[in-house]
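Containing mmCIF, C-alpha atoms: coords_36.cif.
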data_entry
loop_
_atom_site.label_atom_id
_atom_site.label_comp_id
_atom_site.auth_asym_id
_atom_site.auth_seq_id
_atom_site.Cartn_x
_atom_site.Cartn_y
_atom_site.Cartn_z
CA MET A 1 -34.96 -28.98 17.48
CA LYS A 2 -32.11 -28.89 14.95
CA THR A 3 -28.70 -29.64 16.33
CA SER A 4 -25.52 -27.86 15.43
CA SER A 5 -22.83 -29.46 13.32
CA PRO A 6 -19.09 -28.85 13.15
CA ARG A 7 -18.10 -25.72 11.23
CA SER A 8 -15.35 -25.33 8.68
CA SER A 9 -12.80 -22.58 9.04
CA SER A 10 -15.05 -20.36 6.90
CA GLY A 11 -17.90 -20.63 9.40
CA HIS A 12 -19.99 -22.79 7.05
CA PRO A 13 -20.87 -26.42 7.79
CA PRO A 14 -18.18 -28.79 6.43
CA SER A 15 -18.58 -29.99 2.86
CA PHE A 16 -19.41 -33.59 2.01
CA LEU A 17 -18.39 -34.45 -1.54
CA PRO A 18 -20.38 -37.46 -2.79
CA HIS A 19 -17.37 -39.23 -4.32
CA GLU A 20 -15.57 -39.01 -0.97
CA HIS A 21 -18.54 -40.28 1.05
CA LYS A 22 -19.80 -43.30 -0.87
CA GLY A 23 -21.60 -44.64 2.18
CA ILE A 24 -23.99 -41.67 2.17
CA MET A 25 -26.96 -41.55 -0.20
CA PHE A 26 -27.24 -38.01 -1.55
CA LEU A 27 -30.44 -36.52 -2.87
CA THR A 28 -30.44 -33.49 -5.13
CA ASP A 29 -33.13 -31.34 -6.69
CA SER A 30 -35.32 -32.04 -9.70
CA GLY A 31 -36.45 -30.21 -12.84
CA ALA A 32 -36.00 -26.64 -11.65
CA GLU A 33 -36.83 -24.89 -14.90
CA THR A 34 -39.92 -26.97 -15.69
CA THR A 35 -41.09 -26.55 -12.10
CA PHE A 36 -40.75 -22.77 -12.25
CA ILE A 37 -42.50 -22.54 -15.63
CA PHE A 38 -45.30 -25.09 -15.30
CA LYS A 39 -45.84 -25.27 -11.53
CA ASP A 40 -45.01 -21.76 -10.33
CA ASN A 41 -46.18 -20.02 -13.53
CA LEU A 42 -42.97 -18.02 -13.83
CA GLU A 43 -41.61 -16.74 -17.10
CA LEU A 44 -38.04 -17.84 -17.77
CA ARG A 45 -36.48 -16.18 -20.76
CA GLU A 46 -34.57 -18.77 -22.79
CA PHE A 47 -35.06 -21.28 -19.93
CA ALA A 48 -32.66 -19.17 -17.85
CA ALA A 49 -33.47 -19.73 -14.18
CA PHE A 50 -30.40 -17.76 -13.11
CA GLU A 51 -32.38 -14.56 -13.71
CA LEU A 52 -34.46 -15.36 -10.64
CA HIS A 53 -31.49 -14.14 -8.59
CA ASN A 54 -32.16 -10.64 -9.88
CA SER A 55 -35.17 -9.96 -7.63
CA ASP A 56 -36.32 -10.60 -4.09
CA LYS A 57 -39.38 -12.44 -5.43
CA GLY A 58 -37.22 -14.62 -7.64
CA ARG A 59 -34.82 -15.47 -4.84
CA GLN A 60 -37.78 -16.42 -2.65
CA HIS A 61 -39.02 -18.83 -5.33
CA LEU A 62 -35.56 -20.38 -5.46
CA LYS A 63 -35.37 -20.78 -1.68
CA GLU A 64 -38.82 -22.37 -1.48
CA TYR A 65 -37.90 -24.75 -4.30
CA TYR A 66 -34.72 -25.89 -2.57
CA ARG A 67 -36.39 -26.20 0.83
CA ARG A 68 -39.06 -28.55 -0.56
CA HIS A 69 -36.28 -30.89 -1.63
CA LEU A 70 -34.06 -30.46 1.41
CA ASP A 71 -36.95 -31.31 3.71
CA LEU A 72 -36.83 -34.82 2.23
CA ALA A 73 -33.34 -35.31 3.66
CA VAL A 74 -34.00 -34.03 7.19
CA PRO A 75 -33.46 -36.86 9.71
CA GLU A 76 -36.66 -38.06 11.32
CA ASN A 77 -34.85 -37.86 14.64
CA GLU A 78 -33.26 -34.42 14.80
CA GLN A 79 -30.92 -35.42 17.60
CA GLY A 80 -28.07 -35.85 15.15
CA THR A 81 -26.18 -38.90 13.94
CA ASP A 82 -22.69 -40.28 14.13
CA SER A 83 -20.56 -41.74 11.35
CA LYS A 84 -21.94 -45.24 11.86
CA ASP A 85 -25.53 -44.18 11.28
CA GLN A 86 -27.14 -44.11 7.87
CA ARG A 87 -27.67 -40.53 6.71
CA LEU A 88 -29.17 -38.79 3.74
CA GLY A 89 -26.98 -36.13 2.20
CA PHE A 90 -27.84 -33.46 -0.32
CA VAL A 91 -26.12 -31.88 -3.32
CA LEU A 92 -27.27 -28.29 -3.71
CA GLU A 93 -26.98 -27.36 -7.40
CA THR A 94 -27.02 -23.73 -8.47
CA CYS A 95 -29.70 -22.82 -11.02
CA THR A 96 -27.14 -21.62 -13.56
CA TRP A 97 -27.52 -24.04 -16.46
CA ARG A 98 -27.87 -21.12 -18.91
CA ALA A 99 -25.25 -18.86 -17.30
CA ASN A 100 -22.63 -19.09 -20.03
CA PRO A 101 -21.51 -16.37 -22.50
CA ASP A 102 -23.68 -17.23 -25.52
CA TRP A 103 -26.92 -17.39 -23.56
CA MET A 104 -26.05 -14.32 -21.52
CA ILE A 105 -25.50 -12.32 -24.70
CA LYS A 106 -28.88 -13.46 -26.02
CA LEU A 107 -30.43 -12.20 -22.80
CA GLY A 108 -28.71 -8.82 -22.98
CA TYR A 109 -25.91 -9.31 -20.45
CA LYS A 110 -22.21 -8.55 -20.77
CA PRO A 111 -20.69 -11.94 -19.88
CA ALA A 112 -17.36 -10.61 -18.66
CA ASP A 113 -19.12 -8.89 -15.76
CA ALA A 114 -22.30 -10.94 -15.37
CA ILE A 115 -20.79 -14.42 -15.06
CA HIS A 116 -18.95 -13.58 -11.84
CA GLN A 117 -21.95 -11.80 -10.35
CA VAL A 118 -24.40 -14.61 -11.23
CA CYS A 119 -22.15 -17.39 -9.93
CA ALA A 120 -21.44 -15.54 -6.68
CA SER A 121 -25.14 -14.78 -6.12
CA ALA A 122 -26.11 -18.39 -6.77
CA VAL A 123 -23.49 -19.86 -4.42
CA ASN A 124 -24.25 -17.31 -1.69
CA LEU A 125 -27.96 -18.15 -1.80
CA LEU A 126 -27.16 -21.84 -1.37
CA ARG A 127 -24.77 -21.14 1.51
CA ASP A 128 -27.59 -19.31 3.28
CA ILE A 129 -29.93 -22.26 2.77
CA GLN A 130 -27.24 -24.71 3.86
CA MET A 131 -27.10 -22.96 7.22
CA GLU A 132 -30.80 -23.72 7.73
CA TYR A 133 -30.15 -27.48 7.59
CA PRO A 134 -27.01 -28.11 9.65
CA SER A 135 -27.79 -31.80 10.26
CA ILE A 136 -27.67 -32.72 6.55
CA PRO A 137 -24.30 -33.63 4.96
CA MET A 138 -24.17 -31.29 2.02
CA ALA A 139 -22.14 -30.11 -0.97
CA ILE A 140 -22.66 -27.00 -3.08
CA SER A 141 -22.24 -27.55 -6.79
CA GLY A 142 -21.91 -24.91 -9.49
CA GLN A 143 -24.03 -26.07 -12.41
CA ILE A 144 -22.76 -25.64 -15.96
CA GLY A 145 -24.81 -26.20 -19.11
CA PRO A 146 -23.84 -26.82 -22.73
CA ARG A 147 -22.85 -23.92 -24.97
CA SER A 148 -25.77 -24.49 -27.29
CA ASP A 149 -28.84 -26.71 -27.20
CA GLY A 150 -28.86 -29.49 -24.63
CA TYR A 151 -30.64 -31.88 -26.97
CA VAL A 152 -28.81 -31.20 -30.26
CA ALA A 153 -25.05 -31.06 -30.77
CA ASP A 154 -25.31 -28.35 -33.43
CA GLN A 155 -22.41 -26.10 -32.44
CA LYS A 156 -19.48 -28.38 -31.78
CA MET A 157 -16.23 -27.07 -30.37
CA SER A 158 -12.78 -28.54 -30.26
CA VAL A 159 -11.50 -29.59 -26.85
CA GLN A 160 -9.41 -26.43 -26.56
CA GLU A 161 -12.31 -24.22 -27.62
CA ALA A 162 -14.53 -25.85 -25.00
CA GLN A 163 -11.90 -25.41 -22.30
CA ASP A 164 -11.48 -21.74 -23.15
CA TYR A 165 -15.23 -21.16 -23.41
CA HIS A 166 -16.21 -22.65 -20.03
CA TYR A 167 -13.13 -21.59 -18.07
CA ALA A 168 -14.53 -18.24 -16.87
CA GLN A 169 -17.68 -19.75 -15.39
CA ILE A 170 -15.77 -22.54 -13.66
CA LYS A 171 -13.26 -20.08 -12.25
CA ALA A 172 -16.11 -17.87 -11.03
CA PHE A 173 -17.67 -20.79 -9.16
CA HIS A 174 -14.34 -21.63 -7.58
CA GLU A 175 -13.82 -18.05 -6.45
CA ALA A 176 -17.39 -17.93 -5.09
CA GLY A 177 -16.67 -20.94 -2.88
CA ALA A 178 -18.49 -23.77 -4.61
CA ASP A 179 -17.35 -27.22 -3.49
CA LEU A 180 -17.44 -28.64 -7.02
CA VAL A 181 -18.88 -27.95 -10.47
CA ALA A 182 -21.21 -30.17 -12.48
CA ALA A 183 -21.66 -30.01 -16.24
CA LEU A 184 -25.15 -31.26 -17.08
CA THR A 185 -26.77 -32.35 -20.36
CA MET A 186 -23.54 -32.76 -22.27
CA ASN A 187 -24.26 -34.14 -25.73
CA TYR A 188 -20.84 -34.64 -27.28
CA VAL A 189 -17.49 -35.74 -25.94
CA ASN A 190 -15.22 -32.81 -26.84
CA GLU A 191 -17.20 -30.29 -24.84
CA GLY A 192 -17.12 -32.61 -21.86
CA ILE A 193 -13.36 -33.05 -22.12
CA GLY A 194 -12.85 -29.29 -22.42
CA ILE A 195 -14.91 -28.65 -19.30
CA VAL A 196 -12.98 -31.25 -17.33
CA GLN A 197 -9.66 -29.76 -18.42
CA ALA A 198 -10.86 -26.27 -17.49
CA ALA A 199 -11.82 -27.52 -14.03
CA GLN A 200 -8.44 -29.21 -13.67
CA LYS A 201 -6.75 -25.93 -14.59
CA VAL A 202 -8.82 -24.05 -12.00
CA GLY A 203 -8.37 -26.77 -9.37
CA ILE A 204 -11.96 -27.68 -8.52
CA PRO A 205 -13.62 -31.14 -8.59
CA VAL A 206 -15.85 -31.64 -11.62
CA VAL A 207 -18.80 -33.93 -12.36
CA LEU A 208 -19.66 -34.68 -15.99
CA SER A 209 -23.20 -35.65 -16.94
CA PHE A 210 -24.18 -36.87 -20.40
CA THR A 211 -27.68 -36.96 -21.80
CA VAL A 212 -28.84 -39.78 -24.06
CA GLU A 213 -31.46 -40.45 -26.70
CA VAL A 214 -34.11 -43.19 -26.48
CA ASN A 215 -31.53 -45.69 -27.79
CA GLY A 216 -29.25 -45.10 -24.80
CA CYS A 217 -26.54 -43.32 -26.82
CA ILE A 218 -25.49 -39.70 -26.53
CA PRO A 219 -26.87 -37.45 -29.33
CA THR A 220 -23.71 -37.80 -31.46
CA GLY A 221 -24.14 -41.58 -31.50
CA GLU A 222 -21.52 -42.84 -29.05
CA SER A 223 -22.49 -45.23 -26.28
CA ILE A 224 -22.29 -44.06 -22.68
CA GLN A 225 -19.39 -46.46 -22.20
CA THR A 226 -17.46 -45.03 -25.15
CA ALA A 227 -18.05 -41.43 -24.02
CA ILE A 228 -16.88 -42.12 -20.47
CA GLU A 229 -13.82 -44.07 -21.58
CA GLN A 230 -12.82 -41.33 -24.05
CA VAL A 231 -13.05 -38.61 -21.40
CA ASP A 232 -11.20 -40.69 -18.82
CA ALA A 233 -8.43 -41.58 -21.24
CA THR A 234 -7.91 -37.96 -22.30
CA THR A 235 -8.13 -36.38 -18.84
CA ASN A 236 -6.47 -39.09 -16.72
CA ARG A 237 -9.83 -39.93 -15.10
CA GLY A 238 -10.44 -36.25 -14.48
CA PRO A 239 -14.12 -36.25 -13.44
CA ALA A 240 -14.82 -37.03 -9.81
CA TYR A 241 -17.69 -39.10 -11.21
CA TYR A 242 -20.15 -39.15 -14.08
CA MET A 243 -23.91 -38.78 -14.18
CA ILE A 244 -26.70 -39.36 -16.67
CA ASN A 245 -29.38 -36.69 -16.90
CA CYS A 246 -32.27 -35.36 -18.98
CA ALA A 247 -33.48 -38.74 -20.24
CA HIS A 248 -36.02 -41.18 -18.84
CA PRO A 249 -34.50 -44.19 -16.99
CA SER A 250 -36.04 -46.54 -19.57
CA HIS A 251 -33.86 -44.89 -22.22
CA PHE A 252 -30.57 -45.89 -20.64
CA ILE A 253 -31.11 -48.83 -18.29
CA LEU A 254 -30.42 -51.32 -21.10
CA ALA A 255 -26.94 -49.84 -21.52
CA PHE A 256 -26.15 -50.95 -17.97
CA GLN A 257 -27.68 -54.40 -18.28
CA THR A 258 -25.25 -55.46 -21.01
CA GLY A 259 -21.62 -56.39 -20.64
CA THR A 260 -20.03 -58.39 -17.84
CA ASP A 261 -16.35 -58.16 -18.76
CA VAL A 262 -13.86 -56.21 -16.68
CA SER A 263 -13.94 -53.19 -19.02
CA SER A 264 -17.74 -52.97 -18.79
CA LEU A 265 -17.67 -53.13 -15.02
CA SER A 266 -14.98 -50.45 -14.84
CA TRP A 267 -16.92 -47.76 -16.72
CA LYS A 268 -20.10 -48.49 -14.80
CA GLU A 269 -18.23 -47.88 -11.55
CA ARG A 270 -17.46 -44.36 -12.75
CA ILE A 271 -21.16 -43.41 -12.72
CA GLY A 272 -22.08 -41.75 -9.44
CA GLY A 273 -25.37 -39.99 -10.13
CA ILE A 274 -28.70 -40.15 -11.98
CA ARG A 275 -31.02 -37.25 -12.78
CA GLY A 276 -33.69 -38.62 -15.09
CA ASN A 277 -36.62 -37.02 -16.90
CA ALA A 278 -40.19 -37.75 -15.83
CA SER A 279 -41.32 -38.30 -19.41
CA LYS A 280 -40.58 -41.23 -21.68
CA LEU A 281 -40.81 -38.93 -24.72
CA SER A 282 -37.77 -38.41 -26.91
CA HIS A 283 -35.89 -35.12 -26.88
CA ALA A 284 -37.49 -34.15 -30.21
CA GLU A 285 -40.95 -34.88 -28.83
CA LEU A 286 -40.27 -32.91 -25.64
CA ASP A 287 -39.16 -29.92 -27.72
CA GLU A 288 -42.57 -29.90 -29.41
CA ALA A 289 -44.60 -30.52 -26.23
CA THR A 290 -46.83 -27.71 -24.96
CA GLU A 291 -47.85 -29.39 -21.71
CA LEU A 292 -45.76 -30.85 -18.92
CA ASP A 293 -45.47 -34.64 -18.87
CA GLU A 294 -45.00 -35.52 -15.20
CA GLY A 295 -44.83 -39.27 -15.80
CA ASN A 296 -45.50 -41.57 -12.87
CA PRO A 297 -43.54 -40.58 -9.73
CA VAL A 298 -44.01 -43.97 -8.02
CA GLU A 299 -42.83 -45.88 -11.08
CA PHE A 300 -39.98 -43.39 -11.42
CA GLY A 301 -38.78 -44.22 -7.92
CA LYS A 302 -38.88 -47.96 -8.57
CA GLU A 303 -36.89 -47.54 -11.78
CA HIS A 304 -34.12 -45.93 -9.76
CA MET A 305 -34.08 -48.94 -7.48
CA ALA A 306 -33.37 -51.09 -10.55
CA LEU A 307 -30.63 -48.70 -11.68
CA MET A 308 -29.02 -48.71 -8.25
CA GLN A 309 -28.67 -52.49 -8.41
CA LEU A 310 -26.83 -52.21 -11.75
CA LEU A 311 -24.54 -49.31 -10.82
CA PRO A 312 -22.47 -50.12 -7.73
CA ARG A 313 -21.11 -46.59 -7.17
CA VAL A 314 -24.23 -44.48 -7.65
CA ASN A 315 -25.03 -42.42 -4.58
CA VAL A 316 -26.55 -39.20 -6.00
CA PHE A 317 -30.22 -39.24 -6.97
CA GLY A 318 -32.42 -36.46 -8.31
CA GLY A 319 -34.54 -35.47 -11.28
CA CYS A 320 -34.50 -33.42 -14.44
CA CYS A 321 -37.18 -32.11 -16.81
CA GLY A 322 -40.75 -32.73 -15.69
CA THR A 323 -39.82 -33.94 -12.21
CA ASP A 324 -40.40 -32.19 -8.91
CA ASP A 325 -39.99 -32.99 -5.22
CA ARG A 326 -42.60 -35.77 -5.49
CA HIS A 327 -40.34 -37.74 -7.81
CA VAL A 328 -37.34 -37.29 -5.51
CA ARG A 329 -39.49 -38.40 -2.57
CA GLU A 330 -40.34 -41.61 -4.42
CA ILE A 331 -36.67 -42.22 -5.19
CA LYS A 332 -35.93 -41.92 -1.50
CA SER A 333 -38.82 -44.24 -0.65
CA SER A 334 -37.67 -46.90 -3.11
CA CYS A 335 -33.92 -46.71 -2.67
CA TRP A 336 -32.85 -45.53 0.78
CA ALA A 337 -33.24 -48.74 2.80
CA ALA A 338 -31.70 -50.86 0.04
CA PHE A 339 -28.84 -48.37 -0.39
CA GLY A 340 -27.92 -48.68 3.27
CA LYS A 341 -27.92 -52.47 3.15
CA ALA A 342 -25.89 -52.59 -0.06
CA ARG A 343 -23.22 -50.15 1.15
CA SER A 344 -22.85 -51.91 4.51
CA GLN A 345 -21.98 -55.25 2.93
#

Rewritten as structure tokens:
Amino acid sequence: MKTSSPRSSSGHPPSFLPHEHKGIMFLTDSGAETTFIFKDNLELREFAAFELHNSDKGRQHLKEYYRRHLDLAVPENEQGTDSKDQRLGFVLETCTWRANPDWMIKLGYKPADAIHQVCASAVNLLRDIQMEYPSIPMAISGQIGPRSDGYVADQKMSVQEAQDYHYAQIKAFHEAGADLVAALTMNYVNEGIGIVQAAQKVGIPVVLSFTVEVNGCIPTGESIQTAIEQVDATTNRGPAYYMINCAHPSHFILAFQTGTDVSSLSWKERIGGIRGNASKLSHAELDEATELDEGNPVEFGKEHMALMQLLPRVNVFGGCCGTDDRHVREIKSSCWAAFGKARSQ
């Protein structure tokens, strides 16, 4: 029997933002688009999962996808917990990575109208699912993707251009009631800074996630450390935290194993989440792949245990391309007990 939890003034369960609850290990979902395409045999135009909100069948696929992941965070003892007990939280991310003006135009939408409708539909669906799991500390995050290709920085904007471009989507998420926004698969610094400044203008917490190549650097060549320090310096440490996504853990773990000076430790403490790819292939190789590379879920989980030991503030764990709920289950299996011990010290 599921127990009730305190309600916010809106009637929804209270929000738990990961950066405000560092003692809670948060799971999140995995590679939504690759799951829908390769596992569920759905057709996603231009990789745009947000179109699933347009039909009852699509919304049902979304709900089943989220439930498979949320079930991993349900307490074994459904009698509830208090603040002293170790709990698993969950960050519910909207499937809106392609819901920005350029991609909407390619798909035949009028962005001025569609962005607000898509963001509201996505947040409302997650609020409904949140109500099904009242015992899980949860946050709802509006997901933002890059303007162009996630793997290639081929359409660079200035900081101001990026702020203006992403502002409407961020504002729409805020108005829809999202707890925060998360920009995933960022591949150059200016777009990341522009997104952070747009979120600051709107007044909503923002998470910034860079992707990296096999050498551990973002696609424009900067190190993860340099990218984080540039964004923090320009935005007065604007992001609530940073993540790394859409790269295999083996591609970026070396970046965290080097450097022991104060500066190196400081930027590592800004990283709060990991959403890795299942495959060890490069971005160029993945673009050419015709079959899904699921990697090794058990090994994937153990690699996150190694990352957790290097990154003292990480408390959000999920997957990206090629991963599914099996990979997230293995992360939980490898990391949860150690996370609780580490955070209690």

*Near-Thr235 of chain A list (10 Å; all atoms listed in the file; drop same-chain fewer than 4 positions) as a VMD selection string*: chain A and resid 193 to 194 196 to 197 200 229 to 231 239

*Nearest residue to Gly150 of chain A from the set A:Val298, A:Ile253, A:Ala172, A:Ala247 (distances using all atoms listed in the file)*: A:Ala247

*Quick one, how far is atom CA of Thr96 of chain A from atom CA of Leu17 of chain A?*
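Atom CA of Leu17 of chain A lies 19.6 Å from atom CA of Thr96 of chain A.
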
*Coordinates-based distance that separates atom CA of Met186 of chain A from atom CA of Pro146 of chain A (Å, one decimal)*: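 Interatomic distance, atom CA of Pro146 of chain A to atom CA of Met186 of chain A: 6.0 Å.
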
_Who sits within 10 Å of segment 104-118 of chain A, all atoms listed in the file, same chain under 2 positions skipped, as a VMD selection string_ = chain A and resid 45 to 46 48 50 to 51 53 to 54 94 to 96 98 to 102 120 to 124 168 to 173 175 to 176

*Could you work out how far atom CA of Lys22 of chain A lies from atom CA of Trp336 of chain A, giving the answer in Å with one decimal?*
13.3 Å

*Skip Asp179 of chain A itself and residues of its chain fewer than 6 positions away, then list as a PyMOL selection string all residues within 9 Å of it, counting all atoms listed in the file.*
chain A and resi 15-17+139-142+173+204-205

*Let me know the residues the PyMOL selection byres ((chain A and resi 338) around 12) catches in the file above, as a count of residues only.*
24

Contact table segment 107-162 of chain A vs segment 208-223 of chain A, cut-off 12 Å, shortest pair per residue, only C-alpha atoms, as a Markdown table:
| residue | atom | partner | partner_atom | distance |
| --- | --- | --- | --- | --- |
| A:Ser141 | CA | A:Leu208 | CA | 11.9 |
| A:Gly142 | CA | A:Leu208 | CA | 11.9 |
| A:Gln143 | CA | A:Leu208 | CA | 10.3 |
| A:Ile144 | CA | A:Leu208 | CA | 9.6 |
| A:Gly145 | CA | A:Ser209 | CA | 9.8 |
| A:Pro146 | CA | A:Phe210 | CA | 10.3 |
| A:Asp149 | CA | A:Pro219 | CA | 11.1 |
| A:Gly150 | CA | A:Thr211 | CA | 8.1 |
| A:Tyr151 | CA | A:Pro219 | CA | 7.1 |
| A:Val152 | CA | A:Pro219 | CA | 6.6 |
| A:Ala153 | CA | A:Pro219 | CA | 6.8 |
| A:Asp154 | CA | A:Thr220 | CA | 9.8 |
| A:Gln155 | CA | A:Thr220 | CA | 11.8 |
| A:Lys156 | CA | A:Thr220 | CA | 10.3 |

*What's the 12 Å shell around Leu310 of chain A, counting all atoms listed in the file, without same-chain residues fewer than 3 positions away, as a ChimeraX atom specification?*
/A:252-260,264-265,267-269,271-272,303-307,313-314,342

Could you give me the axis-aligned bounding box of segment 317-334 of chain A, with 5 Å of padding per side, as centre plus edge lengths in Å to one decimal, as JSON?
{"center_x": -36.4, "center_y": -39.5, "center_z": -8.7, "size_x": 22.4, "size_y": 24.8, "size_z": 26.2}

*Care to translate the PyMOL selection byres ((chain A and resi 26) around 8) into actual residues of this file, as a PyMOL selection string?*
chain A and resi 18+24-25+27-28+88-91+315-317

*Quick one: everything within 6 Å of Val207 of chain A, counting all atoms listed in the file, minus sequence neighbours fewer than 4 positions away in the same chain. Send it as a list in words.*
Ala182, Pro239, Ala240, Tyr241 and Tyr242 of chain A

Write out, as CSV, each residue of segment 307-340 of chain A that has an atom at most 6 Å from segment 274-278 of chain A, together with the closest pair of atoms and their distance in Å to one decimal, counting only C-alpha atoms, rows going by chain and rising number.
residue,atom,partner,partner_atom,distance
A:Phe317,CA,A:Ile274,CA,5.3
A:Gly318,CA,A:Arg275,CA,4.8
A:Gly319,CA,A:Arg275,CA,4.2
A:Cys320,CA,A:Asn277,CA,4.8
A:Cys321,CA,A:Asn277,CA,4.9
A:Gly322,CA,A:Ala278,CA,5.1
A:Thr323,CA,A:Ala278,CA,5.3

_Residues returned when the PyMOL selection byres ((chain A and resi 159) around 9) runs on this file, as a ChimeraX atom specification_ = /A:157-158,160-164,189-195,197

*asked:* Between A:Ser135, A:Ser282, A:Thr234, A:Ser266, which residue has the minimum interatomic distance to His251 of chain A, considering all atoms listed in the file?
replied: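 Closest candidate: A:Ser282.
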
_Calculated over all atoms listed in the file, which of the candidates A:Glu288, A:Lys201, A:Thr185, A:Ala32 has the smallest distance to Arg68 of chain A?_
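The closest residue to Arg68 of chain A is A:Ala32.
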
Generate the missing atoms of segment 24-30 of chain A up to all heavy atoms and report them as a PDB file, keeping the file's coordinate frame.
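The resulting file, out20.pdb, is shown below:
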ATOM      1  N   ILE A  24     -22.838 -42.552   1.977  1.00  0.00           N
ATOM      2  CA  ILE A  24     -23.990 -41.670   2.170  1.00  0.00           C
ATOM      3  C   ILE A  24     -24.772 -41.593   0.863  1.00  0.00           C
ATOM      4  O   ILE A  24     -24.209 -41.374  -0.202  1.00  0.00           O
ATOM      5  CB  ILE A  24     -23.543 -40.254   2.592  1.00  0.00           C
ATOM      6  CG1 ILE A  24     -22.820 -40.297   3.936  1.00  0.00           C
ATOM      7  CG2 ILE A  24     -24.745 -39.314   2.676  1.00  0.00           C
ATOM      8  CD1 ILE A  24     -22.274 -38.943   4.381  1.00  0.00           C
ATOM      9  N   MET A  25     -26.074 -41.758   0.944  1.00  0.00           N
ATOM     10  CA  MET A  25     -26.960 -41.550  -0.200  1.00  0.00           C
ATOM     11  C   MET A  25     -27.306 -40.065  -0.253  1.00  0.00           C
ATOM     12  O   MET A  25     -27.840 -39.504   0.702  1.00  0.00           O
ATOM     13  CB  MET A  25     -28.220 -42.390  -0.076  1.00  0.00           C
ATOM     14  CG  MET A  25     -29.239 -42.147  -1.181  1.00  0.00           C
ATOM     15  SD  MET A  25     -30.653 -43.273  -1.040  1.00  0.00           S
ATOM     16  CE  MET A  25     -31.827 -42.470  -2.147  1.00  0.00           C
ATOM     17  N   PHE A  26     -26.976 -39.431  -1.359  1.00  0.00           N
ATOM     18  CA  PHE A  26     -27.240 -38.010  -1.550  1.00  0.00           C
ATOM     19  C   PHE A  26     -28.460 -37.813  -2.446  1.00  0.00           C
ATOM     20  O   PHE A  26     -28.529 -38.392  -3.536  1.00  0.00           O
ATOM     21  CB  PHE A  26     -26.050 -37.303  -2.202  1.00  0.00           C
ATOM     22  CG  PHE A  26     -24.858 -37.126  -1.305  1.00  0.00           C
ATOM     23  CD1 PHE A  26     -23.976 -38.181  -1.085  1.00  0.00           C
ATOM     24  CD2 PHE A  26     -24.607 -35.912  -0.686  1.00  0.00           C
ATOM     25  CE1 PHE A  26     -22.861 -38.018  -0.264  1.00  0.00           C
ATOM     26  CE2 PHE A  26     -23.495 -35.743   0.140  1.00  0.00           C
ATOM     27  CZ  PHE A  26     -22.626 -36.803   0.346  1.00  0.00           C
ATOM     28  N   LEU A  27     -29.388 -37.003  -2.003  1.00  0.00           N
ATOM     29  CA  LEU A  27     -30.440 -36.520  -2.870  1.00  0.00           C
ATOM     30  C   LEU A  27     -29.980 -35.208  -3.492  1.00  0.00           C
ATOM     31  O   LEU A  27     -29.057 -34.558  -3.007  1.00  0.00           O
ATOM     32  CB  LEU A  27     -31.735 -36.285  -2.088  1.00  0.00           C
ATOM     33  CG  LEU A  27     -32.337 -37.488  -1.351  1.00  0.00           C
ATOM     34  CD1 LEU A  27     -33.605 -37.067  -0.606  1.00  0.00           C
ATOM     35  CD2 LEU A  27     -32.636 -38.633  -2.317  1.00  0.00           C
ATOM     36  N   THR A  28     -30.625 -34.824  -4.574  1.00  0.00           N
ATOM     37  CA  THR A  28     -30.440 -33.490  -5.130  1.00  0.00           C
ATOM     38  C   THR A  28     -31.789 -33.013  -5.625  1.00  0.00           C
ATOM     39  O   THR A  28     -32.811 -33.657  -5.369  1.00  0.00           O
ATOM     40  CB  THR A  28     -29.342 -33.482  -6.217  1.00  0.00           C
ATOM     41  OG1 THR A  28     -29.054 -32.125  -6.588  1.00  0.00           O
ATOM     42  CG2 THR A  28     -29.733 -34.283  -7.438  1.00  0.00           C
ATOM     43  N   ASP A  29     -31.837 -31.887  -6.302  1.00  0.00           N
ATOM     44  CA  ASP A  29     -33.130 -31.340  -6.690  1.00  0.00           C
ATOM     45  C   ASP A  29     -33.652 -32.003  -7.962  1.00  0.00           C
ATOM     46  O   ASP A  29     -33.146 -33.050  -8.378  1.00  0.00           O
ATOM     47  CB  ASP A  29     -33.045 -29.820  -6.835  1.00  0.00           C
ATOM     48  CG  ASP A  29     -32.149 -29.395  -7.981  1.00  0.00           C
ATOM     49  OD1 ASP A  29     -30.939 -29.692  -7.933  1.00  0.00           O
ATOM     50  OD2 ASP A  29     -32.645 -28.759  -8.923  1.00  0.00           O
ATOM     51  N   SER A  30     -34.649 -31.396  -8.571  1.00  0.00           N
ATOM     52  CA  SER A  30     -35.320 -32.040  -9.700  1.00  0.00           C
ATOM     53  C   SER A  30     -35.297 -31.127 -10.920  1.00  0.00           C
ATOM     54  O   SER A  30     -34.282 -30.486 -11.188  1.00  0.00           O
ATOM     55  CB  SER A  30     -36.754 -32.415  -9.282  1.00  0.00           C
ATOM     56  OG  SER A  30     -37.434 -31.299  -8.724  1.00  0.00           O
TER      57      SER A  30
END
